[in-house]
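**Q** The file below is final.txt, compact mmCIF, C-alpha atoms:
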```txt
# COMPACT_ATOMS: atom_id res chain seq x y z
CA MET A 59 37.74 35.36 -6.64
CA LEU A 60 40.03 36.52 -9.47
CA THR A 61 39.11 39.01 -12.18
CA ILE A 62 41.31 39.84 -15.16
CA GLN A 63 40.33 42.92 -17.18
CA GLY A 64 41.89 44.08 -20.44
CA LEU A 65 45.15 42.24 -19.91
CA SER A 66 47.71 42.76 -22.70
CA TYR A 67 51.31 41.69 -22.95
CA ALA A 68 53.83 42.71 -25.58
CA TYR A 69 57.17 41.07 -26.22
CA SER A 70 59.69 42.71 -28.54
CA ASP A 71 57.04 45.18 -29.79
CA ARG A 72 54.66 42.32 -30.65
CA PHE A 73 51.51 41.66 -28.67
CA LEU A 74 51.27 38.06 -27.45
CA PHE A 75 47.68 38.69 -26.42
CA LYS A 76 45.55 41.79 -26.18
CA ASN A 77 42.52 42.78 -24.14
CA LEU A 78 42.18 39.47 -22.32
CA SER A 79 39.42 39.40 -19.71
CA PHE A 80 38.05 36.57 -17.59
CA HIS A 81 36.73 35.77 -14.15
CA LEU A 82 37.66 32.83 -11.92
CA ASN A 83 35.37 31.71 -9.10
CA PRO A 84 36.10 29.23 -6.29
CA GLY A 85 35.63 25.68 -7.55
CA GLU A 86 36.21 26.66 -11.18
CA VAL A 87 38.82 25.39 -13.60
CA ILE A 88 40.12 27.41 -16.52
CA LYS A 89 42.13 25.70 -19.22
CA ILE A 90 44.33 28.03 -21.24
CA SER A 91 44.98 26.75 -24.71
CA GLY A 92 46.49 28.16 -27.86
CA ALA A 93 49.20 27.62 -30.42
CA ASN A 94 52.87 27.42 -29.49
CA GLY A 95 54.09 30.89 -28.64
CA SER A 96 50.59 32.25 -28.05
CA GLY A 97 51.51 33.32 -24.49
CA LYS A 98 50.15 30.52 -22.26
CA THR A 99 53.28 30.35 -20.08
CA THR A 100 53.53 34.14 -20.13
CA LEU A 101 49.95 34.48 -18.83
CA ILE A 102 50.66 32.09 -15.94
CA LYS A 103 53.86 34.02 -15.16
CA ILE A 104 51.94 37.31 -15.12
CA LEU A 105 49.36 35.89 -12.71
CA THR A 106 52.08 34.64 -10.35
CA GLY A 107 53.88 37.98 -10.43
CA ILE A 108 57.02 36.73 -12.18
CA LEU A 109 56.38 39.04 -15.13
CA LYS A 110 55.32 42.59 -14.36
CA ASN A 111 55.38 44.74 -17.48
CA TYR A 112 51.84 44.07 -18.63
CA GLU A 113 48.86 46.31 -19.22
CA GLY A 114 45.46 45.74 -17.65
CA LYS A 115 43.96 45.00 -14.27
CA ILE A 116 44.16 41.93 -12.03
CA SER A 117 41.69 42.05 -9.14
CA LEU A 118 41.58 39.49 -6.39
CA LYS A 119 38.60 39.30 -4.04
CA ASN A 120 37.47 42.70 -5.45
CA GLU A 121 40.76 44.34 -4.54
CA GLU A 122 43.17 45.38 -7.25
CA GLU A 123 46.41 43.48 -6.98
CA LYS A 124 49.63 43.75 -8.91
CA SER A 125 49.48 39.98 -9.20
CA LEU A 126 48.72 37.07 -6.92
CA LYS A 127 52.04 37.68 -5.11
CA ASN A 128 50.38 39.18 -2.06
CA LEU A 129 48.68 35.85 -1.58
CA SER A 130 51.70 33.75 -2.47
CA ASP A 131 51.01 31.36 0.44
CA GLU A 132 47.56 30.62 -0.99
CA VAL A 133 48.79 30.14 -4.54
CA PHE A 134 50.51 27.01 -5.78
CA TYR A 135 52.64 27.65 -8.85
CA MET A 136 53.93 24.88 -11.06
CA GLY A 137 56.08 26.20 -13.87
CA HIS A 138 57.07 24.73 -17.19
CA LYS A 139 60.37 23.76 -15.54
CA ASN A 140 60.31 21.60 -12.43
CA ALA A 141 62.71 23.62 -10.21
CA LEU A 142 64.27 20.41 -8.91
CA LYS A 143 67.96 20.08 -8.16
CA GLU A 144 69.31 17.34 -10.41
CA ASN A 145 72.24 16.32 -8.20
CA LEU A 146 70.07 15.87 -5.09
CA THR A 147 67.88 12.88 -4.32
CA VAL A 148 64.07 13.09 -4.47
CA GLN A 149 63.91 13.11 -0.65
CA GLU A 150 66.50 15.92 -0.38
CA ASN A 151 64.60 17.95 -2.95
CA LEU A 152 61.33 17.48 -1.07
CA GLN A 153 62.94 18.43 2.26
CA HIS A 154 64.06 21.72 0.74
CA ASP A 155 61.10 22.46 -1.54
CA PHE A 156 59.53 25.86 -0.90
CA ARG A 157 56.27 24.76 -2.48
CA LEU A 158 55.75 22.45 0.50
CA LEU A 159 55.81 25.21 3.13
CA ASN A 160 52.00 25.16 3.15
CA SER A 161 51.31 21.45 2.81
CA ASN A 162 50.39 18.27 4.59
CA LYS A 163 53.35 15.86 4.91
CA ASN A 164 51.11 12.77 5.36
CA GLU A 165 49.18 13.63 2.22
CA LEU A 166 52.46 14.08 0.37
CA ASP A 167 53.55 10.60 1.47
CA SER A 168 50.28 9.10 0.30
CA TYR A 169 50.48 10.79 -3.15
CA LEU A 170 54.11 9.73 -3.55
CA GLU A 171 52.93 6.18 -2.87
CA LYS A 172 50.00 6.42 -5.31
CA LEU A 173 52.23 7.85 -8.04
CA ASN A 174 54.85 5.09 -7.53
CA LEU A 175 57.53 7.49 -6.41
CA LYS A 176 58.22 6.05 -2.94
CA GLU A 177 60.82 3.63 -4.27
CA PHE A 178 62.74 6.51 -5.86
CA LEU A 179 63.03 8.67 -2.72
CA PHE A 180 66.77 8.03 -2.47
CA THR A 181 67.43 8.25 -6.21
CA ARG A 182 69.08 11.31 -7.70
CA VAL A 183 66.64 13.42 -9.72
CA SER A 184 69.07 13.30 -12.69
CA GLU A 185 68.42 9.54 -12.90
CA LEU A 186 64.62 9.93 -13.20
CA SER A 187 62.57 10.30 -16.37
CA GLU A 188 60.94 13.63 -17.22
CA GLY A 189 57.53 12.15 -16.36
CA GLN A 190 58.72 11.05 -12.91
CA LYS A 191 60.15 14.51 -12.25
CA ARG A 192 56.79 16.02 -13.21
CA LYS A 193 55.00 13.62 -10.86
CA ILE A 194 57.16 14.78 -7.90
CA ILE A 195 55.91 18.33 -8.40
CA LEU A 196 52.34 17.14 -8.91
CA ALA A 197 52.54 15.20 -5.62
CA CYS A 198 53.64 18.46 -3.94
CA CYS A 199 50.74 20.22 -5.69
CA LEU A 200 48.18 17.70 -4.41
CA ALA A 201 49.58 17.86 -0.87
CA SER A 202 49.45 21.65 -0.74
CA ASN A 203 46.55 23.46 0.92
CA SER A 204 46.42 26.35 -1.53
CA SER A 205 43.26 27.98 -2.76
CA ILE A 206 44.49 28.85 -6.27
CA TYR A 207 46.54 26.53 -8.46
CA LEU A 208 48.45 27.94 -11.43
CA LEU A 209 49.78 25.02 -13.40
CA ASP A 210 51.79 25.29 -16.61
CA GLU A 211 51.46 22.12 -18.71
CA PRO A 212 50.95 19.89 -15.64
CA PHE A 213 50.34 16.68 -17.59
CA ILE A 214 53.25 16.88 -19.98
CA ASN A 215 55.23 13.58 -20.16
CA LEU A 216 52.73 11.84 -17.84
CA ASP A 217 51.36 8.32 -18.33
CA VAL A 218 47.56 7.83 -18.48
CA ASP A 219 47.26 6.12 -15.07
CA SER A 220 49.10 8.91 -13.27
CA GLN A 221 47.00 11.51 -15.11
CA GLU A 222 43.82 9.83 -13.84
CA ILE A 223 45.06 9.71 -10.21
CA ILE A 224 45.99 13.39 -10.37
CA MET A 225 42.73 14.48 -12.04
CA GLU A 226 40.74 12.59 -9.43
CA ALA A 227 42.67 14.20 -6.55
CA MET A 228 42.38 17.64 -8.14
CA ASP A 229 38.62 17.13 -8.57
CA SER A 230 38.18 16.70 -4.83
CA LYS A 231 40.19 19.89 -4.20
CA ILE A 232 38.01 21.74 -6.71
CA HIS A 233 34.85 20.43 -4.99
CA ASN A 234 36.23 21.90 -1.77
CA GLY A 235 36.49 25.34 -3.37
CA ALA A 236 39.95 25.44 -4.90
CA ALA A 237 40.30 27.23 -8.24
CA VAL A 238 42.63 26.08 -10.99
CA ILE A 239 44.13 27.76 -14.02
CA PHE A 240 46.21 25.47 -16.17
CA THR A 241 47.71 25.43 -19.65
CA SER A 242 47.42 22.38 -21.88
CA HIS A 243 47.26 21.20 -25.48
CA ASP A 244 45.25 18.12 -24.43
CA GLN A 245 41.78 18.16 -26.00
CA ASN A 246 40.52 15.30 -23.79
CA ILE A 247 40.46 17.30 -20.57
CA LYS A 248 36.81 18.06 -19.80
CA ASN A 249 34.95 19.96 -17.05
CA SER A 250 36.90 23.16 -17.55
CA ILE A 251 36.23 26.56 -19.08
CA GLU A 252 38.45 26.90 -22.11
CA LEU A 253 40.29 30.11 -22.83
CA ASN A 254 42.00 30.05 -26.22
CA LEU A 255 44.70 32.68 -26.48
CA ASN A 256 44.55 32.52 -30.28
CA ASP A 257 41.31 34.52 -29.93
CA TYR A 258 43.12 37.38 -28.22
CA LYS A 259 45.67 38.15 -30.90
CA LEU A 260 45.46 41.46 -32.74
CA MET B 138 63.48 33.34 8.19
CA ASN B 139 62.27 29.79 7.76
CA PHE B 140 62.74 30.17 4.02
CA ILE B 141 66.30 31.49 4.32
CA LYS B 142 67.31 28.62 6.64
CA THR B 143 65.87 26.09 4.18
CA PHE B 144 67.49 27.85 1.24
CA PHE B 145 70.88 28.04 2.98
CA SER B 146 70.86 24.35 3.87
CA ARG B 147 69.76 23.44 0.32
CA GLU B 148 72.60 25.49 -1.17
CA ILE B 149 75.14 23.83 1.17
CA LEU B 150 73.77 20.43 0.11
CA VAL B 151 73.85 21.28 -3.62
CA TYR B 152 77.45 22.56 -3.42
CA SER B 153 78.69 19.69 -1.27
CA LYS B 154 77.31 17.21 -3.80
CA LYS B 155 78.94 18.94 -6.75
CA SER B 156 82.54 17.92 -6.14
CA SER B 157 83.70 19.61 -9.36
CA ASN B 158 82.77 23.00 -7.86
CA ILE B 159 85.24 22.44 -5.04
CA ILE B 160 87.92 20.38 -6.73
CA SER B 161 88.32 22.28 -10.04
CA PRO B 162 89.45 25.60 -8.48
CA ILE B 163 91.78 23.76 -6.09
CA VAL B 164 93.41 21.72 -8.87
CA PHE B 165 93.69 24.80 -11.10
CA PHE B 166 95.26 26.77 -8.23
CA LEU B 167 97.75 23.99 -7.41
CA ILE B 168 98.79 23.65 -11.04
CA CYS B 169 99.32 27.42 -11.45
CA ILE B 170 101.22 27.90 -8.20
CA THR B 171 103.46 24.91 -8.91
CA PHE B 172 104.21 25.91 -12.50
CA PHE B 173 105.26 29.48 -11.77
CA PRO B 174 108.59 28.62 -10.08
CA LEU B 175 109.32 26.21 -12.90
CA ALA B 176 108.42 28.63 -15.68
CA VAL B 177 109.49 32.02 -14.33
CA SER B 178 112.59 31.51 -12.24
CA ASN B 179 113.93 29.46 -9.36
CA ASP B 180 115.78 32.42 -7.90
CA PRO B 181 114.39 32.83 -4.33
CA ILE B 182 114.83 36.63 -4.28
CA GLN B 183 113.06 37.12 -7.63
CA LEU B 184 110.30 34.70 -6.70
CA SER B 185 109.65 36.23 -3.28
CA ARG B 186 109.31 39.64 -4.98
CA LEU B 187 106.80 38.27 -7.47
CA ALA B 188 104.99 36.00 -4.97
CA PRO B 189 102.15 38.35 -3.82
CA GLY B 190 101.11 39.09 -7.40
CA LEU B 191 101.40 35.46 -8.48
CA ILE B 192 99.32 34.18 -5.57
CA TRP B 193 96.69 36.80 -6.26
CA ILE B 194 96.54 36.01 -9.98
CA CYS B 195 96.17 32.28 -9.22
CA ILE B 196 93.40 32.94 -6.69
CA LEU B 197 91.56 35.31 -9.04
CA LEU B 198 91.65 32.92 -12.01
CA SER B 199 90.75 29.86 -9.90
CA GLY B 200 87.86 31.70 -8.26
CA MET B 201 86.47 32.70 -11.65
CA LEU B 202 85.84 29.06 -12.56
CA SER B 203 82.67 28.70 -10.48
CA ILE B 204 81.40 32.13 -9.49
CA GLN B 205 80.29 33.18 -12.97
CA THR B 206 77.71 30.42 -13.17
CA ILE B 207 76.34 31.12 -9.69
CA PHE B 208 72.76 31.83 -10.85
CA LYS B 209 72.78 29.72 -14.04
CA GLU B 210 71.41 26.50 -12.56
CA ASP B 211 68.57 28.27 -10.71
CA PHE B 212 67.70 30.16 -13.89
CA ASP B 213 67.79 27.04 -16.09
CA ASP B 214 65.80 24.73 -13.76
CA GLY B 215 63.08 27.27 -12.96
CA SER B 216 64.03 27.87 -9.30
CA LEU B 217 64.39 31.62 -9.90
CA ASP B 218 60.83 31.70 -11.32
CA LEU B 219 59.64 30.03 -8.14
CA PHE B 220 61.44 32.56 -5.90
CA TYR B 221 59.71 35.41 -7.73
CA ALA B 222 56.36 33.61 -7.64
CA LYS B 223 56.61 32.98 -3.90
CA ASP B 224 57.70 36.59 -3.34
CA PHE B 225 60.89 35.57 -1.55
CA SER B 226 63.54 38.21 -1.00
CA ILE B 227 65.84 38.04 -4.04
CA LEU B 228 68.40 40.11 -2.11
CA GLN B 229 68.63 37.44 0.61
CA ILE B 230 68.87 34.73 -2.04
CA ILE B 231 71.75 36.56 -3.75
CA LEU B 232 73.62 37.01 -0.45
CA VAL B 233 73.17 33.36 0.57
CA LYS B 234 74.35 32.14 -2.84
CA ILE B 235 77.46 34.37 -2.73
CA ILE B 236 78.31 33.29 0.85
CA VAL B 237 77.93 29.58 0.06
CA ASN B 238 79.92 29.92 -3.17
CA TRP B 239 82.69 31.74 -1.25
CA ILE B 240 82.77 29.05 1.46
CA PHE B 241 83.14 26.27 -1.08
CA SER B 242 85.36 27.81 -3.74
CA ALA B 243 87.37 30.68 -2.20
CA LEU B 244 87.92 29.60 1.41
CA PRO B 245 89.72 26.34 0.52
CA LEU B 246 92.03 28.35 -1.78
CA ILE B 247 92.89 30.81 1.02
CA ILE B 248 93.68 27.94 3.39
CA LEU B 249 95.69 26.22 0.68
CA SER B 250 97.62 29.37 -0.23
CA SER B 251 98.85 29.72 3.36
CA SER B 252 100.55 26.35 3.02
CA MET B 253 101.75 26.86 -0.57
CA VAL B 254 103.54 30.22 -0.06
CA PHE B 255 106.83 28.41 0.65
CA LEU B 256 106.98 27.34 -3.02
CA LEU B 257 107.31 30.99 -4.01
CA TYR B 258 109.63 31.92 -1.09
CA PHE B 259 106.97 34.31 0.15
CA PRO B 260 108.29 36.18 3.25
CA LEU B 261 106.52 34.71 6.28
CA SER B 262 106.52 38.14 7.99
CA ASN B 263 103.95 39.25 5.37
CA LEU B 264 101.76 36.18 5.69
CA LEU B 265 99.12 37.79 7.91
CA ASN B 266 98.71 40.70 5.49
CA LEU B 267 98.46 38.27 2.56
CA LEU B 268 95.77 36.18 4.27
CA SER B 269 93.81 39.26 5.38
CA SER B 270 93.94 40.70 1.86
CA LEU B 271 92.84 37.37 0.40
CA LEU B 272 90.01 37.07 2.92
CA ILE B 273 88.66 40.53 2.07
CA GLY B 274 89.55 40.48 -1.63
CA THR B 275 87.97 37.12 -2.45
CA ILE B 276 84.67 38.29 -0.95
CA ILE B 277 84.75 41.38 -3.21
CA ILE B 278 85.64 39.22 -6.22
CA SER B 279 82.73 36.88 -5.37
CA PHE B 280 80.34 39.84 -5.48
CA PHE B 281 81.78 41.03 -8.83
CA GLY B 282 81.54 37.46 -10.14
CA ALA B 283 77.91 37.23 -9.03
CA LEU B 284 77.15 40.47 -10.91
CA ALA B 285 78.89 39.12 -14.02
CA GLY B 286 76.91 35.88 -13.65
CA ALA B 287 73.63 37.78 -13.25
CA LEU B 288 74.26 39.99 -16.28
CA SER B 289 75.27 37.08 -18.49
CA LEU B 290 72.39 34.71 -17.56
CA GLY B 291 71.37 32.71 -20.61
CA LYS B 292 74.26 34.16 -22.60
CA ASN B 293 77.81 33.12 -23.50
CA SER B 294 80.12 32.61 -20.50
CA ILE B 295 82.80 34.73 -22.21
CA LEU B 296 80.61 37.74 -21.48
CA ALA B 297 80.85 36.98 -17.74
CA SER B 298 84.66 36.93 -17.89
CA ALA B 299 84.68 40.12 -19.93
CA ILE B 300 82.59 41.84 -17.24
CA MET B 301 84.41 40.34 -14.26
CA LEU B 302 88.07 40.84 -15.22
CA PRO B 303 88.11 44.66 -15.44
CA LEU B 304 86.06 44.89 -12.22
CA SER B 305 88.56 42.64 -10.42
CA LEU B 306 91.64 44.68 -11.42
CA PRO B 307 91.51 47.17 -8.51
CA VAL B 308 91.12 44.25 -6.08
CA LEU B 309 94.11 42.49 -7.65
CA ILE B 310 96.27 45.63 -7.43
CA LEU B 311 95.23 46.50 -3.85
CA GLY B 312 95.46 42.88 -2.67
CA SER B 313 98.91 42.18 -4.06
CA SER B 314 100.17 45.58 -2.86
CA ALA B 315 98.84 44.91 0.65
CA SER B 316 100.64 41.56 0.71
CA THR B 317 104.03 43.15 0.04
CA TYR B 318 104.06 44.82 3.47
CA SER B 319 105.16 43.25 6.74
CA SER B 320 102.30 42.17 8.96
CA GLU B 321 103.62 44.34 11.83
CA ASN B 322 101.85 47.32 10.24
CA ILE B 323 98.34 47.38 8.95
CA SER B 324 98.83 48.23 5.32
CA PHE B 325 97.17 51.27 3.78
CA PHE B 326 96.19 49.07 0.86
CA LEU B 327 94.45 46.66 3.22
CA LEU B 328 92.35 49.52 4.59
CA LEU B 329 91.48 50.56 1.04
CA LEU B 330 90.48 46.98 0.29
CA LEU B 331 88.30 46.95 3.40
CA SER B 332 86.59 50.20 2.30
CA LEU B 333 86.00 48.68 -1.12
CA LEU B 334 84.37 45.67 0.56
CA PHE B 335 81.93 47.89 2.49
CA LEU B 336 81.08 49.73 -0.72
CA THR B 337 80.78 46.55 -2.79
CA ILE B 338 78.36 44.57 -0.62
CA PRO B 339 75.33 46.91 -0.85
CA VAL B 340 76.01 48.35 -4.31
CA ILE B 341 76.73 45.06 -6.08
CA SER B 342 73.92 43.20 -4.27
CA LEU B 343 71.40 45.74 -5.55
CA ALA B 344 72.99 45.67 -9.01
CA CYS B 345 72.67 41.85 -9.02
CA MET B 346 68.99 42.14 -8.10
CA GLY B 347 68.42 44.53 -11.01
CA ALA B 348 70.45 42.39 -13.41
CA ILE B 349 68.45 39.24 -12.60
CA ARG B 350 65.17 41.14 -12.85
CA LEU B 351 66.20 42.30 -16.35
CA HIS B 352 65.82 38.72 -17.54
CA TYR B 353 62.14 38.81 -16.54
CA GLU B 354 61.28 42.05 -18.33
```
Please, can you express the file's structure as structure tokens?
**A**
Amino acid sequence: MLTIQGLSYAYSDRFLFKNLSFHLNPGEVIKISGANGSGKTTLIKILTGILKNYEGKISLKNEEEKSLKNLSDEVFYMGHKNALKENLTVQENLQHDFRLLNSNKNELDSYLEKLNLKEFLFTRVSELSEGQKRKIILACCLASNSSIYLLDEPFINLDVDSQEIIMEAMDSKIHNGAAVIFTSHDQNIKNSIELNLNDYKL
Amino acid sequence: MNFIKTFFSREILVYSKKSSNIISPIVFFLICITFFPLAVSNDPIQLSRLAPGLIWICILLSGMLSIQTIFKEDFDDGSLDLFYAKDFSILQIILVKIIVNWIFSALPLIILSSSMVFLLYFPLSNLLNLLSSLLIGTIIISFFGALAGALSLGKNSILASAIMLPLSLPVLILGSSASTYSSENISFFLLLLLSLLFLTIPVISLACMGAIRLHYE
């Protein structure tokens, strides 16, 4: 599905990672780990097409791509920042969220309910905790019908119950052929291929 | 198209809920325009001669309050990342943001200035030229402000002012000169301002695109 060959990225004349290669198949999960500043967020940003000045090859379905941009409708990107407007309510944010262009509104409702966010629909995002903000984006993620999920620290600030609900929902997506690449420091997350960026330093 | 509609309505919603974005320039403008007659002179002839320049200075400084931070929130909250990731047209995003910012921060000042000109004994025969020059000039200033905002993303806001002020000088000179003529004739300066507008829109939009992209290199 996705092949990365010899990917290197330098920042201020210093290589964050060098000669990184891996392959992602449908139904696979890759966890990117590594020390702070090892380039986890940078790698996700390269794959989404936000960052361009890298060396190496990214091939998608055996065709060389600049990034996954050409398939942006099939890719769900969740960044380190939530991209929510603080002075709007949760409902207003969801009505104008571009990540929901390819998603099922009924599923979104059901995940909002499961993640205890329904009662905050008319609350301003600025009044929510960081964990609740993260859950809004994760609800969007679960409701989307993408085939590749690129998630940067998805479980940061999340309580254990919410993490379990999300992992369970993601599992069923993965069983249906979705592929996931995510970054995390959490050692308890199993059933994923681990890619440690510390191994790709000079 | 669907994306641009959604983005436009979101921007309108964000601006309408941030009352400081609308009120601050208006209050600043009202204070400036009221203080000038008190501080400079109360002689009607002297004031009416100075009025075009004073109105233009007040508009320029009031407009600067919000335009320089036009992309800051989207940059800080990760929205810009998302636009790049979804491969949305950054050019369209820039244009929508400038239009919405102009509607909320410059348009109320233009409307207000038409009712405040009496304080400065501005000749009513020149009013149409003043309003036309403000209408064209504030759009140009919004584009310059957007460029300053794009170049100074993640940096000190003084940098944005330092970029914007020299760029705005020709607009200030042309705008205040155009307002000194009677509205019976279309002023030469107004035509120059119009030409500058047609030059500014494509050139500055592309420059903004490049400046924002620089932050992702």
**Q** Can you list every residue of chain B that has an atom at most 7 Å from chain A, with its nearest atom pair and the distance in Å to one decimal, using only C-alpha atoms, ordered by chain then number, as a tab-separated table?
**A**
```
residue	atom	partner	partner_atom	distance
B:Thr143	CA	A:His154	CA	5.8
B:Arg147	CA	A:His154	CA	6.0
B:Val151	CA	A:Leu146	CA	6.8
B:Lys154	CA	A:Asn145	CA	6.8
B:Asp214	CA	A:Ala141	CA	4.8
B:Gly215	CA	A:Ala141	CA	4.6
B:Ser216	CA	A:Ala141	CA	4.5
B:Asp218	CA	A:Ile108	CA	6.4
B:Tyr221	CA	A:Ile108	CA	5.4
B:Ala222	CA	A:Thr106	CA	5.2
B:Lys223	CA	A:Ser130	CA	5.2
B:Asp224	CA	A:Lys127	CA	6.0
B:Tyr353	CA	A:Leu109	CA	5.9
B:Glu354	CA	A:Asn111	CA	6.5
```
**Q** Those same residues - C-alpha atoms - I'd like them written as a PDB file, in the frame of the given file.
**A**
```pdb
ATOM      1  CA  THR B 143      65.870  26.090   4.180  1.00  0.00           C
ATOM      2  CA  ARG B 147      69.760  23.440   0.320  1.00  0.00           C
ATOM      3  CA  VAL B 151      73.850  21.280  -3.620  1.00  0.00           C
ATOM      4  CA  LYS B 154      77.310  17.210  -3.800  1.00  0.00           C
ATOM      5  CA  ASP B 214      65.800  24.730 -13.760  1.00  0.00           C
ATOM      6  CA  GLY B 215      63.080  27.270 -12.960  1.00  0.00           C
ATOM      7  CA  SER B 216      64.030  27.870  -9.300  1.00  0.00           C
ATOM      8  CA  ASP B 218      60.830  31.700 -11.320  1.00  0.00           C
ATOM      9  CA  TYR B 221      59.710  35.410  -7.730  1.00  0.00           C
ATOM     10  CA  ALA B 222      56.360  33.610  -7.640  1.00  0.00           C
ATOM     11  CA  LYS B 223      56.610  32.980  -3.900  1.00  0.00           C
ATOM     12  CA  ASP B 224      57.700  36.590  -3.340  1.00  0.00           C
ATOM     13  CA  TYR B 353      62.140  38.810 -16.540  1.00  0.00           C
ATOM     14  CA  GLU B 354      61.280  42.050 -18.330  1.00  0.00           C
TER      15      GLU B 354
END
```
**Q** Padding 4 Å on each side, edges along x, y and z: where is the centre of the box around the listed atoms of stretch 142-148 of chain A, and how long are its edges in Å to one decimal? Output it as JSON.
**A**
```
{"center_x": 68.2, "center_y": 16.6, "center_z": -7.4, "size_x": 16.2, "size_y": 15.5, "size_z": 14.1}
```
**Q** Quick one: residues within 7 Å of stretch 267-272 of chain B, only C-alpha atoms, excluding same-chain residues fewer than 6 positions away - as a VMD selection string?
**A** chain B and resid 247 312 315 to 316 327
**Q** Find the residues around B:Thr171 up to 12 Å (all atoms listed in the file counted), leave out those fewer than 5 positions away in its own chain, and share them as a ChimeraX atom specification.
**A** /B:164-166,176-179,188,191-192,195,250,253-257
**Q** Using atom CA of A:His233 and atom CA of A:Phe80 as the two end points, give the distance in Å to one decimal.
**A**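 The value is 20.7 Å.
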**Q** May I have the residues within 7 Å of A:Ser79 as a list in words, using all atoms listed in the file and disregarding those fewer than 4 positions away in the same chain?
**A**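 Neighbouring residues, sequence-local ones excluded: Ile62, Gln63, Gly64 and Leu65 of chain A.
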**Q** Have a look at atom CA of A:Ser66 and atom CA of A:Ile88 and let me know their distance in Å, one decimal.
**A**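 Value for the atom CA of A:Ser66-atom CA of A:Ile88 distance: 18.2 Å.
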**Q** Interatomic distance between atom CA of A:Arg182 and atom CA of A:Asp219?
**A**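 Value for the atom CA of A:Arg182-atom CA of A:Asp219 distance: 23.6 Å.
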**Q** Around the point (99.7, 42.9, -7.6), in the coordinates given by the file, pick out the residues reaching within 7 Å, counting only C-alpha atoms, and return them as an MDAnalysis selection string.
**A** chainID B and resid 189:190 193 309:314
**Q** Please dump the current selection as a JSON list (two decimals), keeping the file's coordinate frame; keep C-alpha atoms.
**A**
```json
[["chain", "number", "residue", "atom", "x", "y", "z"],
["B", 189, "PRO", "CA", 102.15, 38.35, -3.82],
["B", 190, "GLY", "CA", 101.11, 39.09, -7.40],
["B", 193, "TRP", "CA", 96.69, 36.80, -6.26],
["B", 309, "LEU", "CA", 94.11, 42.49, -7.65],
["B", 310, "ILE", "CA", 96.27, 45.63, -7.43],
["B", 311, "LEU", "CA", 95.23, 46.50, -3.85],
["B", 312, "GLY", "CA", 95.46, 42.88, -2.67],
["B", 313, "SER", "CA", 98.91, 42.18, -4.06],
["B", 314, "SER", "CA", 100.17, 45.58, -2.86]]
```
**Q** Do you know which residues are at most 9 Å from B:Leu284 counting all atoms listed in the file, after dropping those on the same chain fewer than 4 positions away, and could you put them as a ChimeraX atom specification?
**A** /B:205,279-280,288-289,297,300-301,341-342,344-346,348-349
